[in-house]
Structure formats: structure tokens, C-alpha cells
Amino acid sequence: MLGQLYHTIKDESAHPSQPAGFSFEVLPPLKGTGTETLFKTIETLAPFNPRHINITTHRAEYVYHEVEGGLVQRQRIRRRPGTIAIAAAIQQRWGIPVIPHIVCSGSTKEDIEYALLDLQFLGIKDLFLLRGDKAKEESMYTPTPGGYTHALELIEQVNRFNDGFFADGTPMKVKGQPFEFGVACYPEKHEEAPNLESDIRVLLEKQRAGAKVAITQLFYDNEKYYTFVARARAAGVTIPLIPGLKPLAKLSQLATVPKTFRCDLPFALSEELCRCKTDDDVLQVGIEWGIEQCRDLIAHGIPSLHFYTLSAVESIKRIAEKVY
């Protein structure tokens, strides 16, 4: 599907009269909370004919429990299990193409290999490959023992798997259907990159390693996205660079979003937000900004838009109603 999407987007880029595509990302539910909220999100946004739904995955974390004798026991937990199961459920229930995330963070080579095997058994052929976030207790990203430091290493494992070899070099008896994959990119550079040029160089390496498409980190300033695309194209990046968008919805996000996602809020947007007194005020500003941001992207010939749904489903629905 990603290969087909790549060619569809490339064709539409040459024919900007085509309607822009729509896709979105969801989180698996917290352990023990059920799927009602997740499925309601999909039911809300499915009428806009999404090209695909991305499903995030979250690394295991360590928690510490006091035990007898004054000792502390470290326990590995995973608060959001079920990325592969959720992908299968969405595909079966709605027939919408799914793209589960595979991350280096918190995973060993064997963990990744078993995820690939399960996805292959389910007939899911598309992946989104990421390094992932550092653990909450870490000051900087530390690879899991037996895991990877960079997304490029993960890509290499997927490519070897596609070629018919397990992580330890053992050949497979049956290769199965190969995976295609997308990757992340950063209009305002990855937080650990020394500069945008070096970050674009990494993106170019991912393209050379087989990435079919890249989806950006969220941003609110379209000019920064256009500048990023121009510089990436000049460096040799040719794959589609799909904008990742998330409307603001709460007063607290004025401080947390720029810090968490390392993105700037345009002055015009921050001025409007500073006038807001309630979350409802912010919600309305976020919707209005999102509508104009999407319309501007489409007017510039961007053939597909991708939305991050966490705490933003109703806003995305209202934006999509005006844009699509």
C-alpha cells in the first residue's frame, strides 16, 4: 500500500486539482481501559475516507516497588500494549489500510523480529519505522540492550527480513510478503540534530534505504514546512513529505506543545492564544488556525495531510468538514 500511496501522491503532485488525501494517527488504549474511545475516534473520522490509519506503539518503562527488607524491585511494564492487535481489528472492522509503528526504543532485535512475524501472518504489509522516545527516567536516549540506537539500524533489520534473513543471520525457509515502510521527518529539525542540514542528510539516508514516504512532526508555521521541503528537495530527497498536523485545544498546550514537540508557535497564533481565557476559547482558535493552515497547504499543492488525534478528534472533524 505504501508503494501505491507513493505513486498516487507523486501523480497527484503533478495534478493539484485532485482533492487532498486524509490520514490520521491513533494510540492503542491504556492497559485495561477497553477500545471504546479508540473505536469512536475511528468512527468519527472514517467518513473522510482516510487513506490509512497509523497506530503508535509505546516503549516499555520501568517502575520501582519497595519490597521487604528496605529493598527496591525494578519491574518492566508496558502501559499501551496491543499495537498489532489494534491494527488487525481496524483492518478487519473498517477495511481501512493500517500502518503500525515499529520503534527501536525499548525493543530488542528479537522483539522487533516477532512483531514483524506477527504482522506478516496478519497480512499487514506497511510499517512506520522510528527510533522512538527516550525513557522517562533517562536524561538522553539509551538503546535497549540487544536493540538499536538509530532508526537506520531498524530499517536495516526490516530490509534483511524482507530479503529472507532473521536478525541472527539465519535464512528463512519462506520469505513471505515483503514490508514497505515510511519514516518520520522534522521541519524544525529533530531535537538531537545539530542542525537542519544534518537532519535532512539522515532523511536522505532513510530514502536510500527504502523509505517510501515521510510524515513530519507536527508544526504550526507553514513557512517552516515549505522551507524544509525546499531544502530537502535540494539535497536529493524525492519521497513525499506529508505534513503532520494537530490542532491546539487547551490553554496548557501554549507551553507544553512547543516544549514537548520542539516546534515554534507563529506570533500571530500565540497572540490569539494569549487572549484566550478558557479551553473552549483555545479549541475554537485551534480549529480556525487548523482550517487556514490546511487550506494554505492544499493551495500550495500538498496532496495529502496527516492528523495526530490525541485530545483533538472533534477539532480534526470540524477542520475536515471545512477542508474536504
# chains A, B, ... in the order shown; residues from 1 in each chain; ligands from 1
call {"tool": "select_by_dssp", "arguments": {"residues": "range 69-240 of chain A", "states": "alpha helix (DSSP H)", "output": "mmCIF file with C-alpha atoms, in the first residue's frame"}}
result
data_model
loop_
_atom_site.group_PDB
_atom_site.id
_atom_site.type_symbol
_atom_site.label_atom_id
_atom_site.label_comp_id
_atom_site.auth_asym_id
_atom_site.auth_seq_id
_atom_site.Cartn_x
_atom_site.Cartn_y
_atom_site.Cartn_z
ATOM 1 C CA THR A 83 -0.453 -2.110 18.589
ATOM 2 C CA ILE A 84 -0.531 -5.195 16.348
ATOM 3 C CA ALA A 85 -3.885 -6.404 17.668
ATOM 4 C CA ILE A 86 -5.422 -2.936 17.214
ATOM 5 C CA ALA A 87 -4.067 -2.800 13.655
ATOM 6 C CA ALA A 88 -5.707 -6.141 12.884
ATOM 7 C CA ALA A 89 -9.004 -5.062 14.483
ATOM 8 C CA ILE A 90 -9.157 -1.824 12.477
ATOM 9 C CA GLN A 91 -8.336 -3.587 9.241
ATOM 10 C CA GLN A 92 -10.980 -6.257 9.877
ATOM 11 C CA ARG A 93 -13.730 -3.926 11.156
ATOM 12 C CA TRP A 94 -13.371 -0.984 8.773
ATOM 13 C CA LYS A 109 16.109 -7.176 17.831
ATOM 14 C CA GLU A 110 14.119 -10.252 18.854
ATOM 15 C CA ASP A 111 11.127 -8.138 19.944
ATOM 16 C CA ILE A 112 11.162 -6.457 16.554
ATOM 17 C CA GLU A 113 11.513 -9.751 14.718
ATOM 18 C CA TYR A 114 8.493 -11.274 16.447
ATOM 19 C CA ALA A 115 6.463 -8.141 15.688
ATOM 20 C CA LEU A 116 7.402 -8.478 12.016
ATOM 21 C CA LEU A 117 6.415 -12.134 12.006
ATOM 22 C CA ASP A 118 3.038 -11.404 13.609
ATOM 23 C CA LEU A 119 2.337 -8.584 11.150
ATOM 24 C CA GLN A 120 3.307 -10.787 8.227
ATOM 25 C CA PHE A 121 0.947 -13.527 9.441
ATOM 26 C CA ALA A 151 16.144 4.216 13.058
ATOM 27 C CA LEU A 152 18.520 3.365 10.212
ATOM 28 C CA GLU A 153 19.565 0.227 12.104
ATOM 29 C CA LEU A 154 15.907 -0.751 12.422
ATOM 30 C CA ILE A 155 15.451 -0.165 8.690
ATOM 31 C CA GLU A 156 18.410 -2.468 8.020
ATOM 32 C CA GLN A 157 16.752 -5.245 10.044
ATOM 33 C CA VAL A 158 13.479 -4.840 8.131
ATOM 34 C CA ASN A 159 15.359 -4.935 4.828
ATOM 35 C CA ARG A 160 17.202 -8.101 5.889
ATOM 36 C CA PHE A 161 13.874 -9.625 6.938
ATOM 37 C CA ASN A 162 12.462 -8.739 3.508
ATOM 38 C CA ASP A 163 15.482 -10.457 1.935
ATOM 39 C CA LEU A 196 18.679 21.058 9.851
ATOM 40 C CA GLU A 197 21.227 20.098 7.179
ATOM 41 C CA SER A 198 22.434 17.077 9.136
ATOM 42 C CA ASP A 199 18.849 16.080 9.873
ATOM 43 C CA ILE A 200 17.978 16.214 6.162
ATOM 44 C CA ARG A 201 21.044 14.097 5.441
ATOM 45 C CA VAL A 202 19.641 11.394 7.741
ATOM 46 C CA LEU A 203 16.306 11.606 5.912
ATOM 47 C CA LEU A 204 18.131 11.150 2.615
ATOM 48 C CA GLU A 205 19.827 8.023 4.007
ATOM 49 C CA LYS A 206 16.423 6.652 5.026
ATOM 50 C CA GLN A 207 15.159 7.261 1.497
ATOM 51 C CA ARG A 208 18.165 5.454 0.029
ATOM 52 C CA ASN A 222 3.623 26.532 7.152
ATOM 53 C CA GLU A 223 6.543 28.658 6.017
ATOM 54 C CA LYS A 224 8.902 26.476 8.048
ATOM 55 C CA TYR A 225 7.456 23.403 6.342
ATOM 56 C CA TYR A 226 7.863 24.944 2.867
ATOM 57 C CA THR A 227 11.462 25.904 3.669
ATOM 58 C CA PHE A 228 12.169 22.386 4.939
ATOM 59 C CA VAL A 229 10.710 20.795 1.802
ATOM 60 C CA ALA A 230 12.730 23.087 -0.479
ATOM 61 C CA ARG A 231 15.962 22.278 1.350
ATOM 62 C CA ALA A 232 15.204 18.552 1.393
ATOM 63 C CA ARG A 233 14.492 18.563 -2.354
ATOM 64 C CA ALA A 234 17.714 20.462 -2.992
ATOM 65 C CA ALA A 235 19.571 17.758 -1.024
#
call {"tool": "residues_around", "arguments": {"residues": "Gly21 in chain A", "least_positions_apart": "4", "cutoff": "7 Å", "atoms": "only C-alpha atoms", "output": "CSV table (one decimal) with C-alpha atoms, in the first residue's frame"}}
result
chain,number,residue,atom,x,y,z
A,51,ARG,CA,-6.0,6.6,3.0
A,303,PRO,CA,-1.5,16.3,-2.0
A,304,SER,CA,-2.1,14.7,1.5
A,305,LEU,CA,-2.5,15.8,5.1
call {"tool": "residues_around", "arguments": {"residues": "Ser23 in chain A", "least_positions_apart": "5", "cutoff": "9 Å", "atoms": "only C-alpha atoms", "output": "ChimeraX atom specification"}}
result
/A:48-54,304-307
call {"tool": "write_last_selection", "arguments": {"atoms": "N, CA and C atoms", "output": "PDB file, in the first residue's frame"}}
result
ATOM      1  N   PHE A  48     -14.349  10.640   6.315  1.00  0.00           N
ATOM      2  CA  PHE A  48     -13.499  11.467   5.461  1.00  0.00           C
ATOM      3  C   PHE A  48     -12.569  10.623   4.590  1.00  0.00           C
ATOM      4  N   ASN A  49     -12.856   9.320   4.517  1.00  0.00           N
ATOM      5  CA  ASN A  49     -12.154   8.394   3.626  1.00  0.00           C
ATOM      6  C   ASN A  49     -10.634   8.407   3.821  1.00  0.00           C
ATOM      7  N   PRO A  50     -10.176   8.065   5.016  1.00  0.00           N
ATOM      8  CA  PRO A  50      -8.728   8.074   5.243  1.00  0.00           C
ATOM      9  C   PRO A  50      -7.994   7.090   4.346  1.00  0.00           C
ATOM     10  N   ARG A  51      -6.865   7.538   3.834  1.00  0.00           N
ATOM     11  CA  ARG A  51      -6.015   6.643   3.032  1.00  0.00           C
ATOM     12  C   ARG A  51      -5.397   5.565   3.916  1.00  0.00           C
ATOM     13  N   HIS A  52      -5.094   5.924   5.141  1.00  0.00           N
ATOM     14  CA  HIS A  52      -4.535   4.954   6.077  1.00  0.00           C
ATOM     15  C   HIS A  52      -4.679   5.491   7.488  1.00  0.00           C
ATOM     16  N   ILE A  53      -4.549   4.597   8.458  1.00  0.00           N
ATOM     17  CA  ILE A  53      -4.518   4.960   9.871  1.00  0.00           C
ATOM     18  C   ILE A  53      -3.206   4.451  10.441  1.00  0.00           C
ATOM     19  N   ASN A  54      -2.423   5.343  11.017  1.00  0.00           N
ATOM     20  CA  ASN A  54      -1.200   4.944  11.702  1.00  0.00           C
ATOM     21  C   ASN A  54      -1.524   4.588  13.150  1.00  0.00           C
ATOM     22  N   SER A 304      -1.568  15.530   0.386  1.00  0.00           N
ATOM     23  CA  SER A 304      -2.110  14.700   1.458  1.00  0.00           C
ATOM     24  C   SER A 304      -1.754  15.316   2.802  1.00  0.00           C
ATOM     25  N   LEU A 305      -2.685  15.229   3.761  1.00  0.00           N
ATOM     26  CA  LEU A 305      -2.488  15.770   5.101  1.00  0.00           C
ATOM     27  C   LEU A 305      -2.696  14.651   6.117  1.00  0.00           C
ATOM     28  N   HIS A 306      -1.897  14.682   7.184  1.00  0.00           N
ATOM     29  CA  HIS A 306      -1.936  13.650   8.221  1.00  0.00           C
ATOM     30  C   HIS A 306      -2.193  14.326   9.562  1.00  0.00           C
ATOM     31  N   PHE A 307      -3.086  13.755  10.375  1.00  0.00           N
ATOM     32  CA  PHE A 307      -3.506  14.392  11.624  1.00  0.00           C
ATOM     33  C   PHE A 307      -3.191  13.503  12.822  1.00  0.00           C
TER      34      PHE A 307
END
call {"tool": "atom_distance", "arguments": {"atom1": "CA of Leu130 in chain A", "atom2": "CA of Arg295 in chain A"}}
result
28.8 Å
call {"tool": "closest_residue", "arguments": {"among": "A:Asp279, A:Glu292, A:Asp264, A:Asp168", "to": "Ser252 in chain A", "atoms": "only C-alpha atoms"}}
result
A:Asp279
call {"tool": "select_by_dssp", "arguments": {"residues": "range 99-272 of chain A", "states": "strand (DSSP E)", "output": "PyMOL selection string"}}
result
chain A and resi 99-103+126-130+180-185+213-218+241-245
call {"tool": "write_last_selection", "arguments": {"atoms": "C-alpha atoms", "output": "compact mmCIF listing (two decimals), in the first residue's frame"}}
result
# COMPACT_ATOMS: atom_id res chain seq x y z
CA ILE A 99 0.35 1.32 9.29
CA PRO A 100 1.59 0.18 12.72
CA HIS A 101 4.63 1.83 14.22
CA ILE A 102 7.75 -0.20 14.97
CA VAL A 103 10.25 1.53 17.26
CA ASP A 126 3.18 -1.44 5.70
CA LEU A 127 5.18 -0.10 8.63
CA PHE A 128 6.24 3.21 10.09
CA LEU A 129 9.80 2.89 11.41
CA LEU A 130 11.07 5.16 14.19
CA GLU A 180 7.25 -1.33 2.76
CA PHE A 181 7.82 1.48 5.21
CA GLY A 182 7.57 5.15 5.95
CA VAL A 183 9.66 7.27 8.30
CA ALA A 184 9.49 10.49 10.30
CA CYS A 185 10.95 13.87 9.40
CA VAL A 213 7.19 8.32 2.35
CA ALA A 214 7.94 10.57 5.33
CA ILE A 215 5.45 12.19 7.70
CA THR A 216 6.51 15.33 9.53
CA GLN A 217 6.49 16.10 13.19
CA LEU A 218 3.62 18.46 13.95
CA LEU A 241 6.89 14.69 2.72
CA ILE A 242 3.41 14.62 4.25
CA PRO A 243 2.54 17.39 6.73
CA GLY A 244 1.68 16.18 10.23
CA LEU A 245 -0.89 18.43 11.93
call {"tool": "residues_around", "arguments": {"residues": "Ser105 in chain A", "least_positions_apart": "5", "cutoff": "7 Å", "atoms": "only C-alpha atoms", "output": "PDB file with C-alpha atoms, in the first residue's frame"}}
result
ATOM      1  CA  ARG A  59       8.053   1.501  24.786  1.00  0.00           C
ATOM      2  CA  ARG A 131      13.773   5.320  16.772  1.00  0.00           C
ATOM      3  CA  GLY A 132      11.200   6.359  19.391  1.00  0.00           C
ATOM      4  CA  ASP A 133      11.458   8.430  22.544  1.00  0.00           C
ATOM      5  CA  LYS A 134      13.815   8.077  25.442  1.00  0.00           C
ATOM      6  CA  PRO A 143      19.376   1.915  23.450  1.00  0.00           C
ATOM      7  CA  THR A 144      17.865  -1.169  24.998  1.00  0.00           C
TER       8      THR A 144
END
call {"tool": "atom_distance", "arguments": {"atom1": "CA of Gly123 in chain A", "atom2": "CA of Val174 in chain A"}}
result
14.6 Å
call {"tool": "closest_residue", "arguments": {"among": "A:Ile124, A:Leu248, A:Ile316, A:Leu310", "to": "Thr56 in chain A", "atoms": "only C-alpha atoms"}}
result
A:Leu310
call {"tool": "closest_residue", "arguments": {"among": "A:Lys250, A:Lys259, A:Lys31, A:His300", "to": "Gln284 in chain A", "atoms": "only C-alpha atoms"}}
result
A:Lys250
call {"tool": "atom_distance", "arguments": {"atom1": "CA of Leu30 in chain A", "atom2": "CA of Val98 in chain A"}}
result
19.5 Å
call {"tool": "closest_residue", "arguments": {"among": "A:Phe179, A:Phe267, A:Phe39, A:Tyr186", "to": "Phe219 in chain A", "atoms": "only C-alpha atoms"}}
result
A:Tyr186
call {"tool": "closest_residue", "arguments": {"among": "A:Pro258, A:Pro247, A:Pro266, A:Gly164", "to": "Ile319 in chain A", "atoms": "only C-alpha atoms"}}
result
A:Pro247
call {"tool": "decode", "arguments": {"residues": "range 223-239 of chain A", "atoms": "N, CA and C atoms", "output": "short mmCIF file (atom, residue, chain, number, x, y, z; two decimals), in the first residue's frame"}}
result
data_model
loop_
_atom_site.label_atom_id
_atom_site.label_comp_id
_atom_site.auth_asym_id
_atom_site.auth_seq_id
_atom_site.Cartn_x
_atom_site.Cartn_y
_atom_site.Cartn_z
N GLU A 223 5.33 28.18 6.69
CA GLU A 223 6.54 28.66 6.02
C GLU A 223 7.75 27.80 6.40
N LYS A 224 7.79 27.34 7.63
CA LYS A 224 8.90 26.48 8.05
C LYS A 224 8.82 25.13 7.32
N TYR A 225 7.61 24.65 7.11
CA TYR A 225 7.46 23.40 6.34
C TYR A 225 7.90 23.60 4.90
N TYR A 226 7.48 24.70 4.26
CA TYR A 226 7.86 24.94 2.87
C TYR A 226 9.38 25.08 2.74
N THR A 227 10.00 25.75 3.69
CA THR A 227 11.46 25.90 3.67
C THR A 227 12.14 24.55 3.82
N PHE A 228 11.62 23.73 4.74
CA PHE A 228 12.17 22.39 4.94
C PHE A 228 12.06 21.55 3.66
N VAL A 229 10.90 21.58 3.03
CA VAL A 229 10.71 20.80 1.80
C VAL A 229 11.67 21.25 0.72
N ALA A 230 11.82 22.56 0.55
CA ALA A 230 12.73 23.09 -0.48
C ALA A 230 14.17 22.64 -0.22
N ARG A 231 14.59 22.67 1.03
CA ARG A 231 15.96 22.28 1.35
C ARG A 231 16.15 20.78 1.21
N ALA A 232 15.12 20.01 1.56
CA ALA A 232 15.20 18.55 1.39
C ALA A 232 15.27 18.19 -0.08
N ARG A 233 14.46 18.84 -0.91
CA ARG A 233 14.49 18.56 -2.35
C ARG A 233 15.85 18.93 -2.94
N ALA A 234 16.40 20.04 -2.49
CA ALA A 234 17.71 20.46 -2.99
C ALA A 234 18.80 19.46 -2.61
N ALA A 235 18.60 18.75 -1.48
CA ALA A 235 19.57 17.76 -1.02
C ALA A 235 19.38 16.41 -1.69
N GLY A 236 18.29 16.24 -2.46
CA GLY A 236 18.06 14.97 -3.16
C GLY A 236 16.93 14.13 -2.63
N VAL A 237 16.18 14.63 -1.65
CA VAL A 237 15.03 13.89 -1.13
C VAL A 237 13.87 14.02 -2.13
N THR A 238 13.35 12.91 -2.59
CA THR A 238 12.29 12.91 -3.59
C THR A 238 10.99 12.29 -3.10
N ILE A 239 11.02 11.57 -1.99
CA ILE A 239 9.81 10.92 -1.50
C ILE A 239 8.80 11.97 -1.01
#
